[in-house]
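Engineer: Can you read through this structure? Questions will come right after.
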Amino acid sequence: MAVRVVVEANAKPGTGNELVAFFRSILSETRAHDGCTSVDALQNCDNGDNVLLAATWETREQYEKYLAWQRERGVSGRLKEHLAEAPTIRFFDVTGA
């Protein structure tokens with residue numbers, strides 16, 4: 001069953017556009033990764049430092065492999081440089097309803 005992964009990230013104050021630019025630089029690789037069917041970065045209209053990533057993966061296991069791959073490459077460490085706090089990651093089954 002497909003899974004929707006929602007990552008909520010809060011940039012350091014006043015740096016939301018830099019966080020969006022960082023995501024823009026890595027999301028083409030994400031879209032090409034095995035199991036990723038879509039991913040979008042969404043910037044909060046009322047708080048530009050708040051950014052969501054909404055991705056659909058064929059399985060949660062494929063997302064977890066992707067996340068491990070990004071950690072091995074140091075991408076997670078580079079992401080943390082932009083953040084005010086640790087991001088939250090939530091998983092939702094795509095129900096088809």
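Each chain in the structure tokens gets a letter, A, B, ..., in the order shown, and its residues are numbered from 1; ligands are numbered from 1 in order too.
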Excluding stretch 4-18 of chain A and its own-chain neighbours fewer than 4 positions away, which residues fall within 10 Å of it when counting only C-alpha atoms? Please give them as JSON, numbers by chain.
Structural biologist: {"A": [22, 23, 24, 37, 38, 39, 40, 41, 42, 43, 44, 47, 48, 49, 50, 51, 52, 53, 54, 55, 56, 57, 58, 59, 60, 63, 79, 80, 81, 82, 83, 84, 85, 86, 87, 88, 89, 90, 91, 92, 93, 94, 95]}
Engineer: Could you go through chain A and tell me which residues DSSP, when run on the backbone, assigns to helix (DSSP H, G or I), listing them as number ranges by chain?
Structural biologist: A: 16-32, 60-72, 75-80
Engineer: Could those residues be written to a file, using C-alpha atoms, as an mmCIF file, in the first residue's frame?
Structural biologist:
data_model
loop_
_atom_site.group_PDB
_atom_site.id
_atom_site.type_symbol
_atom_site.label_atom_id
_atom_site.label_comp_id
_atom_site.auth_asym_id
_atom_site.auth_seq_id
_atom_site.Cartn_x
_atom_site.Cartn_y
_atom_site.Cartn_z
ATOM 1 C CA GLY A 16 12.560 29.942 5.114
ATOM 2 C CA ASN A 17 13.457 30.808 1.529
ATOM 3 C CA GLU A 18 16.937 29.334 2.046
ATOM 4 C CA LEU A 19 15.345 26.119 3.313
ATOM 5 C CA VAL A 20 13.103 25.989 0.232
ATOM 6 C CA ALA A 21 16.175 26.500 -1.973
ATOM 7 C CA PHE A 22 17.918 23.629 -0.183
ATOM 8 C CA PHE A 23 14.953 21.356 -0.809
ATOM 9 C CA ARG A 24 14.833 22.483 -4.440
ATOM 10 C CA SER A 25 18.480 21.385 -4.785
ATOM 11 C CA ILE A 26 17.805 17.826 -3.581
ATOM 12 C CA LEU A 27 14.245 16.998 -4.622
ATOM 13 C CA SER A 28 15.074 15.988 -8.195
ATOM 14 C CA GLU A 29 17.139 13.127 -6.725
ATOM 15 C CA THR A 30 14.284 12.292 -4.395
ATOM 16 C CA ARG A 31 11.797 12.118 -7.271
ATOM 17 C CA ALA A 32 14.137 9.760 -9.145
ATOM 18 C CA ARG A 60 7.300 2.913 3.891
ATOM 19 C CA GLU A 61 10.300 0.620 3.568
ATOM 20 C CA GLN A 62 11.336 2.367 0.334
ATOM 21 C CA TYR A 63 11.126 5.727 2.087
ATOM 22 C CA GLU A 64 13.221 4.431 4.974
ATOM 23 C CA LYS A 65 15.864 3.147 2.520
ATOM 24 C CA TYR A 66 15.861 6.553 0.850
ATOM 25 C CA LEU A 67 16.248 8.307 4.212
ATOM 26 C CA ALA A 68 19.179 6.041 5.151
ATOM 27 C CA TRP A 69 20.783 6.810 1.762
ATOM 28 C CA GLN A 70 20.422 10.557 2.387
ATOM 29 C CA ARG A 71 21.953 10.191 5.853
ATOM 30 C CA GLU A 72 24.924 8.254 4.430
ATOM 31 C CA VAL A 75 22.253 15.397 3.359
ATOM 32 C CA SER A 76 20.543 15.127 6.745
ATOM 33 C CA GLY A 77 23.444 16.954 8.368
ATOM 34 C CA ARG A 78 23.263 19.729 5.787
ATOM 35 C CA LEU A 79 19.500 19.989 6.358
ATOM 36 C CA LYS A 80 19.983 20.407 10.114
#
Engineer: Give me every strand (DSSP E) residue in stretch 24-92 of chain A, going by DSSP on the backbone, as a PyMOL selection string.
Structural biologist: chain A and resi 36-43+50-57+88-92
